[in-house]
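*Asks:* Next comes model.cif, mmCIF, C-alpha atoms:
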```cif
data_structure
loop_
_atom_site.group_PDB
_atom_site.id
_atom_site.type_symbol
_atom_site.label_atom_id
_atom_site.label_comp_id
_atom_site.auth_asym_id
_atom_site.auth_seq_id
_atom_site.Cartn_x
_atom_site.Cartn_y
_atom_site.Cartn_z
ATOM 1 C CA MET Y 1 71.851 68.176 148.370
ATOM 2 C CA HIS Y 2 75.292 68.618 146.805
ATOM 3 C CA LEU Y 3 75.813 68.172 143.051
ATOM 4 C CA THR Y 4 78.717 68.724 140.702
ATOM 5 C CA ILE Y 5 77.351 70.399 137.569
ATOM 6 C CA ASN Y 6 79.684 70.840 134.612
ATOM 7 C CA GLY Y 7 82.624 70.600 136.982
ATOM 8 C CA GLU Y 8 81.263 73.151 139.461
ATOM 9 C CA ALA Y 9 80.047 72.282 142.981
ATOM 10 C CA ARG Y 10 76.468 73.417 143.603
ATOM 11 C CA SER Y 11 74.217 72.997 146.652
ATOM 12 C CA PHE Y 12 70.431 72.821 146.756
ATOM 13 C CA PRO Y 13 68.104 72.887 149.792
ATOM 14 C CA GLN Y 14 66.117 69.834 148.683
ATOM 15 C CA PRO Y 15 66.265 66.926 146.216
ATOM 16 C CA LEU Y 16 65.482 67.760 142.602
ATOM 17 C CA THR Y 17 64.504 65.926 139.466
ATOM 18 C CA VAL Y 18 66.460 66.631 136.291
ATOM 19 C CA ALA Y 19 63.553 68.740 135.026
ATOM 20 C CA GLN Y 20 63.537 70.794 138.222
ATOM 21 C CA LEU Y 21 67.296 71.259 138.058
ATOM 22 C CA LEU Y 22 67.085 72.587 134.497
ATOM 23 C CA ASP Y 23 64.264 74.900 135.504
ATOM 24 C CA THR Y 24 66.305 76.171 138.444
ATOM 25 C CA CYS Y 25 69.227 76.869 136.110
ATOM 26 C CA GLY Y 26 66.950 78.640 133.642
ATOM 27 C CA LEU Y 27 67.624 76.142 130.861
ATOM 28 C CA ASP Y 28 65.206 74.957 128.195
ATOM 29 C CA ALA Y 29 65.022 71.163 128.437
ATOM 30 C CA ARG Y 30 64.464 70.953 124.691
ATOM 31 C CA LYS Y 31 67.854 72.525 123.961
ATOM 32 C CA VAL Y 32 70.244 70.528 126.114
ATOM 33 C CA ALA Y 33 71.401 67.001 126.819
ATOM 34 C CA VAL Y 34 71.982 65.776 130.369
ATOM 35 C CA GLU Y 35 74.374 63.143 131.642
ATOM 36 C CA ARG Y 36 74.269 61.822 135.215
ATOM 37 C CA ASN Y 37 77.276 59.896 136.486
ATOM 38 C CA LEU Y 38 78.380 59.176 132.890
ATOM 39 C CA GLU Y 39 74.936 57.886 131.883
ATOM 40 C CA ILE Y 40 72.745 59.916 129.506
ATOM 41 C CA VAL Y 41 69.336 60.784 130.924
ATOM 42 C CA PRO Y 42 66.710 60.420 128.169
ATOM 43 C CA ARG Y 43 64.778 63.633 127.646
ATOM 44 C CA SER Y 44 61.537 61.706 128.166
ATOM 45 C CA GLY Y 45 62.677 60.855 131.694
ATOM 46 C CA TYR Y 46 63.658 64.313 132.965
ATOM 47 C CA ARG Y 47 60.564 64.643 135.169
ATOM 48 C CA GLU Y 48 60.996 61.243 136.800
ATOM 49 C CA ALA Y 49 64.794 61.166 137.179
ATOM 50 C CA LEU Y 50 65.445 62.118 140.815
ATOM 51 C CA LEU Y 51 68.958 63.326 141.530
ATOM 52 C CA ALA Y 52 70.898 62.080 144.541
ATOM 53 C CA ASP Y 53 73.464 63.726 146.769
ATOM 54 C CA GLY Y 54 76.908 63.561 145.159
ATOM 55 C CA ASP Y 55 75.669 63.080 141.593
ATOM 56 C CA ARG Y 56 77.925 64.425 138.836
ATOM 57 C CA ILE Y 57 75.912 66.154 136.138
ATOM 58 C CA GLU Y 58 76.967 67.285 132.692
ATOM 59 C CA ILE Y 59 74.702 69.616 130.719
ATOM 60 C CA VAL Y 60 75.696 70.357 127.122
ATOM 61 C CA HIS Y 61 74.314 72.637 124.443
ATOM 62 C CA PHE Y 62 71.651 71.742 121.985
ATOM 63 C CA ILE Y 63 73.340 73.221 118.919
ATOM 64 C CA GLY Y 64 70.922 72.401 116.142
ATOM 65 C CA GLY Y 65 70.876 70.238 113.048
ATOM 66 C CA GLY Y 66 69.174 69.989 109.703
ATOM 67 C CA LEU Y 67 69.821 69.770 106.003
ATOM 68 C CA PRO Y 68 70.980 72.558 103.704
ATOM 69 C CA ASP Y 69 68.391 74.516 101.737
ATOM 70 C CA ALA Y 70 70.411 74.270 98.577
ATOM 71 C CA ALA Y 71 70.894 70.555 97.961
ATOM 72 C CA ALA Y 72 73.078 69.991 94.930
ATOM 73 C CA ALA Y 73 71.352 70.988 91.737
ATOM 74 C CA ASP Y 74 74.266 70.347 89.352
ATOM 75 C CA ASP Y 75 75.660 67.158 87.881
ATOM 76 C CA ASP Y 76 78.498 66.792 90.387
ATOM 77 C CA PRO Y 77 77.176 66.752 93.962
ATOM 78 C CA LEU Y 78 79.100 65.691 97.035
ATOM 79 C CA VAL Y 79 77.134 62.748 98.421
ATOM 80 C CA VAL Y 80 77.705 61.875 102.074
ATOM 81 C CA ALA Y 81 75.616 59.169 103.739
ATOM 82 C CA GLY Y 82 73.038 59.437 100.963
ATOM 83 C CA ILE Y 83 72.622 63.235 101.197
ATOM 84 C CA SER Y 84 73.704 65.493 98.322
ATOM 85 C CA TYR Y 85 75.518 68.778 98.860
ATOM 86 C CA HIS Y 86 76.445 71.422 96.317
ATOM 87 C CA SER Y 87 79.527 72.666 98.171
ATOM 88 C CA ARG Y 88 82.619 70.524 98.578
ATOM 89 C CA LEU Y 89 84.057 72.865 101.196
ATOM 90 C CA LEU Y 90 83.317 72.053 104.842
ATOM 91 C CA VAL Y 91 84.308 74.555 107.504
ATOM 92 C CA GLY Y 92 84.795 74.687 111.241
ATOM 93 C CA THR Y 93 83.321 77.251 113.593
ATOM 94 C CA GLY Y 94 86.180 77.823 116.060
ATOM 95 C CA LYS Y 95 88.938 80.436 116.451
ATOM 96 C CA TYR Y 96 86.968 83.405 115.094
ATOM 97 C CA LYS Y 97 86.942 86.645 117.091
ATOM 98 C CA ASP Y 98 83.177 86.378 117.601
ATOM 99 C CA PHE Y 99 80.071 84.598 116.307
ATOM 100 C CA GLU Y 100 79.268 87.454 113.937
ATOM 101 C CA GLU Y 101 82.556 86.968 112.099
ATOM 102 C CA THR Y 102 81.955 83.216 112.129
ATOM 103 C CA ALA Y 103 78.620 83.690 110.389
ATOM 104 C CA ARG Y 104 80.015 86.054 107.748
ATOM 105 C CA ALA Y 105 82.929 83.747 106.946
ATOM 106 C CA ILE Y 106 80.684 80.699 106.609
ATOM 107 C CA GLU Y 107 78.383 82.645 104.305
ATOM 108 C CA ALA Y 108 81.333 83.678 102.116
ATOM 109 C CA SER Y 109 82.678 80.110 102.005
ATOM 110 C CA GLY Y 110 79.485 78.709 100.520
ATOM 111 C CA ALA Y 111 79.796 75.728 102.865
ATOM 112 C CA GLU Y 112 76.706 73.718 103.700
ATOM 113 C CA ILE Y 113 78.255 71.521 106.410
ATOM 114 C CA VAL Y 114 79.845 73.120 109.474
ATOM 115 C CA THR Y 115 81.612 71.277 112.275
ATOM 116 C CA VAL Y 116 80.586 72.105 115.828
ATOM 117 C CA ALA Y 117 82.020 71.077 119.173
ATOM 118 C CA VAL Y 118 79.875 69.717 121.995
ATOM 119 C CA ARG Y 119 80.572 71.860 125.041
ATOM 120 C CA ARG Y 120 79.181 72.414 128.508
ATOM 121 C CA VAL Y 121 76.355 74.893 128.949
ATOM 122 C CA ASN Y 122 77.355 78.020 130.884
ATOM 123 C CA ILE Y 123 74.987 77.739 133.853
ATOM 124 C CA ILE Y 124 76.304 80.956 135.427
ATOM 125 C CA ASP Y 125 75.955 83.424 132.539
ATOM 126 C CA ARG Y 126 72.628 82.463 130.991
ATOM 127 C CA ASN Y 127 72.802 85.340 128.490
ATOM 128 C CA GLN Y 128 76.000 84.098 126.865
ATOM 129 C CA PRO Y 129 75.490 83.923 123.071
ATOM 130 C CA MET Y 130 75.276 80.560 121.355
ATOM 131 C CA LEU Y 131 76.418 79.561 117.882
ATOM 132 C CA VAL Y 132 72.902 78.570 116.894
ATOM 133 C CA ASP Y 133 71.861 82.233 117.265
ATOM 134 C CA TYR Y 134 74.224 83.203 114.436
ATOM 135 C CA VAL Y 135 74.560 80.120 112.223
ATOM 136 C CA ASP Y 136 71.065 78.903 111.413
ATOM 137 C CA PRO Y 137 70.787 75.100 111.818
ATOM 138 C CA ARG Y 138 67.850 75.148 109.416
ATOM 139 C CA ARG Y 139 70.199 76.365 106.699
ATOM 140 C CA TYR Y 140 73.387 74.457 107.513
ATOM 141 C CA THR Y 141 74.061 70.847 108.431
ATOM 142 C CA TYR Y 142 75.702 70.848 111.846
ATOM 143 C CA LEU Y 143 78.393 68.164 112.107
ATOM 144 C CA PRO Y 144 79.181 67.419 115.778
ATOM 145 C CA ASN Y 145 82.802 66.479 116.269
ATOM 146 C CA THR Y 146 84.970 65.071 119.018
ATOM 147 C CA ALA Y 147 87.655 67.766 119.026
ATOM 148 C CA GLY Y 148 89.774 67.506 122.149
ATOM 149 C CA CYS Y 149 89.137 63.792 122.746
ATOM 150 C CA TYR Y 150 92.164 61.568 123.354
ATOM 151 C CA THR Y 151 90.442 58.226 123.986
ATOM 152 C CA ALA Y 152 87.810 56.182 122.208
ATOM 153 C CA ALA Y 153 85.658 56.239 125.339
ATOM 154 C CA ASP Y 154 85.629 60.048 125.493
ATOM 155 C CA ALA Y 155 84.831 60.329 121.792
ATOM 156 C CA VAL Y 156 81.936 57.879 122.007
ATOM 157 C CA ARG Y 157 80.589 59.578 125.117
ATOM 158 C CA THR Y 158 80.721 63.003 123.415
ATOM 159 C CA LEU Y 159 78.829 61.865 120.337
ATOM 160 C CA ARG Y 160 76.204 60.041 122.375
ATOM 161 C CA LEU Y 161 75.545 63.358 124.131
ATOM 162 C CA ALA Y 162 75.432 65.140 120.775
ATOM 163 C CA ARG Y 163 72.823 62.710 119.476
ATOM 164 C CA GLU Y 164 70.765 63.132 122.630
ATOM 165 C CA ALA Y 165 70.931 66.931 122.296
ATOM 166 C CA GLY Y 166 70.241 67.292 118.609
ATOM 167 C CA GLY Y 167 69.273 63.910 117.225
ATOM 168 C CA TRP Y 168 72.309 63.689 114.953
ATOM 169 C CA ASP Y 169 73.534 60.530 113.305
ATOM 170 C CA LEU Y 170 76.034 62.170 110.943
ATOM 171 C CA VAL Y 171 79.110 62.988 113.044
ATOM 172 C CA LYS Y 172 82.827 63.655 112.727
ATOM 173 C CA LEU Y 173 85.101 61.383 114.744
ATOM 174 C CA GLU Y 174 88.602 62.415 115.724
ATOM 175 C CA VAL Y 175 90.666 60.851 118.487
ATOM 176 C CA LEU Y 176 93.957 62.650 119.027
ATOM 177 C CA GLY Y 177 97.270 61.074 120.004
ATOM 178 C CA ASP Y 178 99.009 63.949 121.790
ATOM 179 C CA GLN Y 179 98.791 67.696 122.263
ATOM 180 C CA LYS Y 180 102.002 68.515 120.399
ATOM 181 C CA THR Y 181 101.185 66.996 117.010
ATOM 182 C CA LEU Y 182 97.399 66.500 117.239
ATOM 183 C CA TYR Y 183 97.925 63.477 115.026
ATOM 184 C CA PRO Y 184 95.160 60.892 115.156
ATOM 185 C CA ASN Y 185 95.544 57.977 117.530
ATOM 186 C CA MET Y 186 94.531 55.330 115.036
ATOM 187 C CA VAL Y 187 94.191 52.484 117.542
ATOM 188 C CA GLU Y 188 91.631 54.498 119.534
ATOM 189 C CA THR Y 189 90.051 55.848 116.341
ATOM 190 C CA LEU Y 190 89.397 52.343 115.031
ATOM 191 C CA ALA Y 191 87.869 51.276 118.348
ATOM 192 C CA ALA Y 192 85.612 54.324 118.513
ATOM 193 C CA ALA Y 193 84.557 53.972 114.882
ATOM 194 C CA GLU Y 194 83.529 50.345 115.404
ATOM 195 C CA THR Y 195 81.420 51.241 118.453
ATOM 196 C CA LEU Y 196 79.763 54.266 116.826
ATOM 197 C CA VAL Y 197 78.925 52.477 113.575
ATOM 198 C CA GLY Y 198 77.460 49.647 115.632
ATOM 199 C CA GLU Y 199 75.201 52.170 117.385
ATOM 200 C CA GLY Y 200 73.888 53.562 114.121
ATOM 201 C CA PHE Y 201 76.065 56.654 113.757
ATOM 202 C CA LYS Y 202 77.142 57.769 110.273
ATOM 203 C CA VAL Y 203 80.808 58.424 110.904
ATOM 204 C CA MET Y 204 83.050 60.803 108.990
ATOM 205 C CA VAL Y 205 86.489 60.034 110.388
ATOM 206 C CA TYR Y 206 89.691 62.074 110.737
ATOM 207 C CA CYS Y 207 92.627 59.754 110.187
ATOM 208 C CA SER Y 208 96.261 59.412 109.189
ATOM 209 C CA ASP Y 209 97.271 59.308 105.527
ATOM 210 C CA ASP Y 210 97.849 55.533 105.695
ATOM 211 C CA PRO Y 211 95.939 53.705 102.912
ATOM 212 C CA ILE Y 212 95.779 50.456 104.907
ATOM 213 C CA LEU Y 213 94.159 52.055 107.951
ATOM 214 C CA ALA Y 214 91.888 54.125 105.729
ATOM 215 C CA ARG Y 215 90.623 50.947 104.082
ATOM 216 C CA ARG Y 216 89.993 49.390 107.478
ATOM 217 C CA LEU Y 217 87.887 52.377 108.547
ATOM 218 C CA GLU Y 218 85.806 52.023 105.400
ATOM 219 C CA GLU Y 219 85.397 48.291 106.064
ATOM 220 C CA LEU Y 220 84.087 49.156 109.538
ATOM 221 C CA GLY Y 221 81.346 51.225 107.909
ATOM 222 C CA CYS Y 222 82.550 54.841 108.054
ATOM 223 C CA VAL Y 223 80.724 57.028 105.519
ATOM 224 C CA ALA Y 224 83.683 59.319 104.734
ATOM 225 C CA ILE Y 225 87.451 59.037 105.147
ATOM 226 C CA MET Y 226 89.264 62.246 106.112
ATOM 227 C CA PRO Y 227 93.070 61.968 106.040
ATOM 228 C CA LEU Y 228 95.092 64.917 107.280
ATOM 229 C CA ALA Y 229 97.027 67.004 104.761
ATOM 230 C CA ALA Y 230 99.376 68.132 107.550
ATOM 231 C CA PRO Y 231 99.122 68.623 111.329
ATOM 232 C CA ILE Y 232 95.994 70.437 112.507
ATOM 233 C CA GLY Y 233 96.407 74.205 112.365
ATOM 234 C CA SER Y 234 99.864 74.025 110.730
ATOM 235 C CA GLY Y 235 98.935 75.475 107.336
ATOM 236 C CA LEU Y 236 101.616 73.356 105.649
ATOM 237 C CA GLY Y 237 99.398 72.017 102.869
ATOM 238 C CA VAL Y 238 99.348 68.488 101.452
ATOM 239 C CA GLN Y 239 102.510 66.737 102.684
ATOM 240 C CA ASN Y 240 101.854 63.217 101.378
ATOM 241 C CA PRO Y 241 100.105 63.409 97.989
ATOM 242 C CA VAL Y 242 101.069 59.821 97.195
ATOM 243 C CA GLY Y 243 99.363 58.413 100.295
ATOM 244 C CA ILE Y 244 96.236 60.493 99.784
ATOM 245 C CA ARG Y 245 96.087 59.522 96.118
ATOM 246 C CA LEU Y 246 96.222 55.829 97.084
ATOM 247 C CA ILE Y 247 93.417 56.336 99.614
ATOM 248 C CA ILE Y 248 91.288 57.998 96.917
ATOM 249 C CA GLU Y 249 91.935 55.244 94.382
ATOM 250 C CA GLN Y 250 90.777 52.449 96.707
ATOM 251 C CA ALA Y 251 87.882 54.214 98.456
ATOM 252 C CA LYS Y 252 84.219 53.650 97.684
ATOM 253 C CA VAL Y 253 83.145 56.431 100.047
ATOM 254 C CA PRO Y 254 84.046 60.145 99.861
ATOM 255 C CA VAL Y 255 87.611 61.132 100.759
ATOM 256 C CA LEU Y 256 88.054 64.628 102.163
ATOM 257 C CA VAL Y 257 91.311 66.244 103.228
ATOM 258 C CA ASP Y 258 90.964 67.365 106.831
ATOM 259 C CA ALA Y 259 93.537 69.576 108.574
ATOM 260 C CA GLY Y 260 96.699 71.318 107.441
ATOM 261 C CA VAL Y 261 95.410 73.490 104.601
ATOM 262 C CA GLY Y 262 96.911 76.992 104.798
ATOM 263 C CA THR Y 263 95.832 78.890 101.718
ATOM 264 C CA ALA Y 264 93.776 78.610 98.554
ATOM 265 C CA SER Y 265 96.454 76.829 96.520
ATOM 266 C CA ASP Y 266 96.592 74.057 99.157
ATOM 267 C CA ALA Y 267 92.855 73.485 98.770
ATOM 268 C CA ALA Y 268 93.187 73.397 94.987
ATOM 269 C CA VAL Y 269 96.016 70.833 95.199
ATOM 270 C CA ALA Y 270 93.886 68.556 97.379
ATOM 271 C CA MET Y 271 90.989 68.764 94.955
ATOM 272 C CA GLU Y 272 93.220 68.201 91.919
ATOM 273 C CA LEU Y 273 94.399 64.974 93.544
ATOM 274 C CA GLY Y 274 90.814 63.775 93.330
ATOM 275 C CA CYS Y 275 89.603 64.464 96.859
ATOM 276 C CA ASP Y 276 85.846 64.768 97.160
ATOM 277 C CA GLY Y 277 86.130 67.763 99.453
ATOM 278 C CA VAL Y 278 88.188 69.729 101.949
ATOM 279 C CA LEU Y 279 87.476 70.519 105.593
ATOM 280 C CA MET Y 280 89.243 73.491 107.166
ATOM 281 C CA ASN Y 281 88.995 75.941 110.044
ATOM 282 C CA THR Y 282 92.269 77.651 110.994
ATOM 283 C CA ALA Y 283 93.180 78.606 107.411
ATOM 284 C CA ILE Y 284 90.090 80.819 107.287
ATOM 285 C CA ALA Y 285 89.670 81.862 110.916
ATOM 286 C CA GLU Y 286 93.300 82.947 111.397
ATOM 287 C CA ALA Y 287 93.661 84.771 108.064
ATOM 288 C CA LYS Y 288 94.071 88.548 108.287
ATOM 289 C CA ASP Y 289 90.705 88.846 106.537
ATOM 290 C CA PRO Y 290 88.737 85.667 107.301
ATOM 291 C CA VAL Y 291 85.738 86.572 105.152
ATOM 292 C CA ARG Y 292 87.883 87.258 102.084
ATOM 293 C CA MET Y 293 89.900 84.072 102.681
ATOM 294 C CA ALA Y 294 86.667 82.080 102.973
ATOM 295 C CA ARG Y 295 85.659 83.256 99.514
ATOM 296 C CA ALA Y 296 89.132 82.398 98.169
ATOM 297 C CA MET Y 297 88.829 78.884 99.577
ATOM 298 C CA ARG Y 298 85.432 78.473 98.004
ATOM 299 C CA LEU Y 299 86.799 79.399 94.579
ATOM 300 C CA ALA Y 300 89.897 77.230 95.046
ATOM 301 C CA VAL Y 301 87.861 74.138 95.873
ATOM 302 C CA GLU Y 302 85.634 74.749 92.860
ATOM 303 C CA ALA Y 303 88.634 75.335 90.560
ATOM 304 C CA GLY Y 304 90.473 72.269 91.839
ATOM 305 C CA ARG Y 305 87.441 70.078 91.295
ATOM 306 C CA LEU Y 306 86.948 71.415 87.759
ATOM 307 C CA ALA Y 307 90.608 70.815 86.962
ATOM 308 C CA TYR Y 308 90.408 67.240 88.268
ATOM 309 C CA ARG Y 309 87.319 66.495 86.197
ATOM 310 C CA ALA Y 310 88.839 68.131 83.117
ATOM 311 C CA GLY Y 311 92.009 66.028 83.362
ATOM 312 C CA ARG Y 312 95.337 67.819 83.358
ATOM 313 C CA MET Y 313 97.775 67.710 80.444
ATOM 314 C CA PRO Y 314 100.639 65.216 80.745
ATOM 315 C CA LYS Y 315 103.927 66.484 82.139
ATOM 316 C CA LYS Y 316 106.737 66.564 79.583
ATOM 317 C CA ARG Y 317 110.500 66.793 79.820
ATOM 318 C CA TYR Y 318 110.855 69.253 76.939
ATOM 319 C CA ALA Y 319 109.001 72.177 75.414
ATOM 320 C CA ASP Y 320 106.094 71.629 73.046
ATOM 321 C CA ALA Y 321 105.001 74.685 71.064
ATOM 322 C CA SER Y 322 101.318 75.529 71.257
ATOM 323 C CA SER Y 323 101.212 77.387 67.917
ATOM 324 C CA PRO Y 324 101.121 75.294 64.706
ATOM 325 C CA LEU Y 325 104.373 75.129 62.749
ATOM 326 C CA ALA Y 326 102.715 74.822 59.355
ATOM 327 C CA GLY Y 327 102.471 78.022 57.325
ATOM 328 C CA LEU Y 328 105.368 79.837 58.986
ATOM 329 C CA ILE Y 329 106.444 82.994 57.149
#
```
Represent the supplied structure as structure tokens.
*Replies:*
Amino acid sequence: MHLTINGEARSFPQPLTVAQLLDTCGLDARKVAVERNLEIVPRSGYREALLADGDRIEIVHFIGGGLPDAAAADDDPLVVAGISYHSRLLVGTGKYKDFEETARAIEASGAEIVTVAVRRVNIIDRNQPMLVDYVDPRRYTYLPNTAGCYTAADAVRTLRLAREAGGWDLVKLEVLGDQKTLYPNMVETLAAAETLVGEGFKVMVYCSDDPILARRLEELGCVAIMPLAAPIGSGLGVQNPVGIRLIIEQAKVPVLVDAGVGTASDAAVAMELGCDGVLMNTAIAEAKDPVRMARAMRLAVEAGRLAYRAGRMPKKRYADASSPLAGLI
């Protein structure tokens, strides 16, 4: 019997069920999701699902889930889909030199939600480390995302696999337009969002900084709107504060800047605009000292939020002395 497993041709001397295939590959059925010819195989049916010659199989990681230990205990929590979080900084898990550095940076950031990509299981090197071994899913909320998807169909397929693997409903949707800009394809994003919300997903959505499209995503039922500050990985900071401010003013769900933050001052600017949070990856992972930058980002997000709640002084055209004029010598 000939199968294509995660893009690799494999041959077996006799027909196998999905359960037997996983056993042959040395994989724990409780930690993966399986797709056969673009259809997800329910875990309850692994023992009965008999594979046929020519089947195309995808096996992806079970990468955990769960709620943070430290749900918000102060008077200003970030509430996403009914769950409260103390930290308003969300971080990605890619681009680090290894999983150990990833874990140390996340710890320093204080983040409680971490984005994770759904990727094929390595069926050749079974000892390859997995993120879940370093970033405890019992401590952090794993947020599966659709990084690398360029169509609504691919994004929906990816998140269906993620839910099968880990049982997640809270997910991050991003559908990219092209490889050069990594801007969101909003036509495909809207289509994917409508499908996912209809299937019961709680969708946090990466989008353009267009207030009209942002409102439409909220109308579709997305639980958080995430406009880009600048192109993904650019580090340019907030390029359209007016558009983001308009999105914040009209939204009834959290608004988080996603993509384009480069340093701590960029994060503070986003929070001072009134954003509910900031999601970043490259700004921390590609810093010369990622762990130190993670701590800086944590403090910047906290400072920006405090400044927003405090209410900044009005800007003036001329000087205004801070010392009283009465009683001058």
*Asks:* With the cut-off set at 12 Å and counting all atoms listed in the file, tabulate each residue of region 194-304 of chain Y with an atom at most that distance from an atom of region 159-163 of chain Y, showing the nearest atom pair and its distance in Å to one decimal, ordered by chain and increasing number, as CSV.
*Replies:*
```
residue,atom,partner,partner_atom,distance
Y:Thr195,CA,Y:Arg160,CA,11.0
Y:Leu196,CA,Y:Leu159,CA,8.4
Y:Val197,CA,Y:Leu159,CA,11.6
Y:Glu199,CA,Y:Arg160,CA,9.4
Y:Gly200,CA,Y:Arg163,CA,10.7
Y:Phe201,CA,Y:Leu159,CA,8.8
Y:Lys202,CA,Y:Leu159,CA,11.0
Y:Val203,CA,Y:Leu159,CA,10.2
```
*Asks:* Between Y:Val255, Y:Ile248, Y:Ala321, Y:Ala105, which residue has the minimum interatomic distance to Tyr134 (chain Y), considering all atoms listed in the file?
*Replies:*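 Of the candidates, the smallest distance to Tyr134 (chain Y) is held by Y:Ala105.
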*Asks:* Just give me the gap between CA of Val34 (chain Y) and CA of Glu58 (chain Y) in Å, one decimal is fine.
*Replies:*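 According to the coordinates, CA of Val34 (chain Y) and CA of Glu58 (chain Y) are separated by 5.7 Å.
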*Asks:* Using the chain letters and numbers from this file, what does the PyMOL selection byres ((chain Y and resi 35) around 9) select? Give the answer as an mmCIF file with C-alpha atoms, keeping the file's coordinate frame.
*Replies:*
```cif
data_model
loop_
_atom_site.group_PDB
_atom_site.id
_atom_site.type_symbol
_atom_site.label_atom_id
_atom_site.label_comp_id
_atom_site.auth_asym_id
_atom_site.auth_seq_id
_atom_site.Cartn_x
_atom_site.Cartn_y
_atom_site.Cartn_z
ATOM 1 C CA ALA Y 33 71.401 67.001 126.819
ATOM 2 C CA VAL Y 34 71.982 65.776 130.369
ATOM 3 C CA ARG Y 36 74.269 61.822 135.215
ATOM 4 C CA ASN Y 37 77.276 59.896 136.486
ATOM 5 C CA LEU Y 38 78.380 59.176 132.890
ATOM 6 C CA GLU Y 39 74.936 57.886 131.883
ATOM 7 C CA ILE Y 40 72.745 59.916 129.506
ATOM 8 C CA VAL Y 41 69.336 60.784 130.924
ATOM 9 C CA PRO Y 42 66.710 60.420 128.169
ATOM 10 C CA ARG Y 56 77.925 64.425 138.836
ATOM 11 C CA ILE Y 57 75.912 66.154 136.138
ATOM 12 C CA GLU Y 58 76.967 67.285 132.692
ATOM 13 C CA ILE Y 59 74.702 69.616 130.719
ATOM 14 C CA VAL Y 60 75.696 70.357 127.122
ATOM 15 C CA LEU Y 161 75.545 63.358 124.131
#
```
*Asks:* Could you check the closest approach to Ala153 (chain Y) for each of Y:Val187, Y:Leu51, Y:Ala192, Y:Leu22 and tell me which residue wins, using only C-alpha atoms?
*Replies:*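 Smallest separation from Ala153 (chain Y) among the options: Y:Ala192.
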*Asks:* Using all atoms listed in the file, which residue out of Y:Ala285, Y:Ala230, Y:Cys149, Y:Ile83 lies closest to Asp98 (chain Y)?
*Replies:*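 Looking only at the distances to Asp98 (chain Y), the closest residue turns out to be Y:Ala285.
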*Asks:* Tell me which of Y:Gly260, Y:Thr4, Y:Met293, Y:Tyr46 sits closest to Leu16 (chain Y), counting only C-alpha atoms.
*Replies:*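 Among the listed residues, Y:Tyr46 lies closest to Leu16 (chain Y).
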*Asks:* Within 10 Å of Ala307 (chain Y), counting only C-alpha atoms, which residues qualify if same-chain residues fewer than 3 places away don't, as JSON, numbers by chain?
*Replies:* {"Y": [268, 269, 271, 272, 273, 274, 301, 302, 303, 304, 310, 311, 312]}
*Asks:* May I ask which of the residues Y:Ser44, Y:Thr282, Y:Glu249, Y:Glu218 is the closest one to Gly262 (chain Y), counting only C-alpha atoms?
*Replies:*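 Result for the nearest residue to Gly262 (chain Y): Y:Thr282.
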*Asks:* In Å to one decimal, how far is CA of Met226 (chain Y) from CA of Cys207 (chain Y)?
*Replies:*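 Pair CA of Cys207 (chain Y) / CA of Met226 (chain Y) returns 5.8 Å.
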*Asks:* So, with only C-alpha atoms as the atoms that count, which of Y:Leu21, Y:Leu3, Y:Leu306, Y:Val261 lies closest to Gly233 (chain Y)?
*Replies:*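 Going through Y:Leu21, Y:Leu3, Y:Leu306, Y:Val261 one by one, the smallest distance to Gly233 (chain Y) is for Y:Val261.
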*Asks:* Distance CA of Tyr140 (chain Y)-CA of Val114 (chain Y), one decimal place?
*Replies:*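 Computed distance, CA of Tyr140 (chain Y) to CA of Val114 (chain Y), equals 6.9 Å.
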*Asks:* Using only C-alpha atoms, which residues sit within 12 Å of Asp289 (chain Y) once same-chain residues fewer than 2 positions away are excluded, as a PDB file with C-alpha atoms, in the frame of the given file?
*Replies:*
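To be explicit, this is the file written out as result.pdb:
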```pdb
ATOM      1  CA  TYR Y  96      86.968  83.405 115.094  1.00  0.00           C
ATOM      2  CA  LYS Y  97      86.942  86.645 117.091  1.00  0.00           C
ATOM      3  CA  GLU Y 101      82.556  86.968 112.099  1.00  0.00           C
ATOM      4  CA  THR Y 102      81.955  83.216 112.129  1.00  0.00           C
ATOM      5  CA  ARG Y 104      80.015  86.054 107.748  1.00  0.00           C
ATOM      6  CA  ALA Y 105      82.929  83.747 106.946  1.00  0.00           C
ATOM      7  CA  ALA Y 108      81.333  83.678 102.116  1.00  0.00           C
ATOM      8  CA  ALA Y 283      93.180  78.606 107.411  1.00  0.00           C
ATOM      9  CA  ILE Y 284      90.090  80.819 107.287  1.00  0.00           C
ATOM     10  CA  ALA Y 285      89.670  81.862 110.916  1.00  0.00           C
ATOM     11  CA  GLU Y 286      93.300  82.947 111.397  1.00  0.00           C
ATOM     12  CA  ALA Y 287      93.661  84.771 108.064  1.00  0.00           C
ATOM     13  CA  VAL Y 291      85.738  86.572 105.152  1.00  0.00           C
ATOM     14  CA  ARG Y 292      87.883  87.258 102.084  1.00  0.00           C
ATOM     15  CA  MET Y 293      89.900  84.072 102.681  1.00  0.00           C
ATOM     16  CA  ALA Y 294      86.667  82.080 102.973  1.00  0.00           C
ATOM     17  CA  ARG Y 295      85.659  83.256  99.514  1.00  0.00           C
ATOM     18  CA  ALA Y 296      89.132  82.398  98.169  1.00  0.00           C
TER      19      ALA Y 296
END
```
*Asks:* Determine, counting only C-alpha atoms, which protein, DNA and RNA residues have an atom within 12 Å of an atom of Val171 (chain Y); residues of the same chain fewer than 3 positions away are not included. Present the result as a ChimeraX atom specification.
*Replies:* /Y:65,80-81,113-118,141-147,155-156,158-163,166-168,174,193,196-197,200-206,222-224
*Asks:* Edge lengths and centre in Å to one decimal, as lines of an AutoDock Vina configuration file, of the axis-aligned box that encloses all listed atoms of region 150-166 of chain Y with 5 Å added on every side?
*Replies:*
```
center_x = 81.2
center_y = 61.7
center_z = 122.1
size_x = 31.9
size_y = 21.1
size_z = 16.9
```
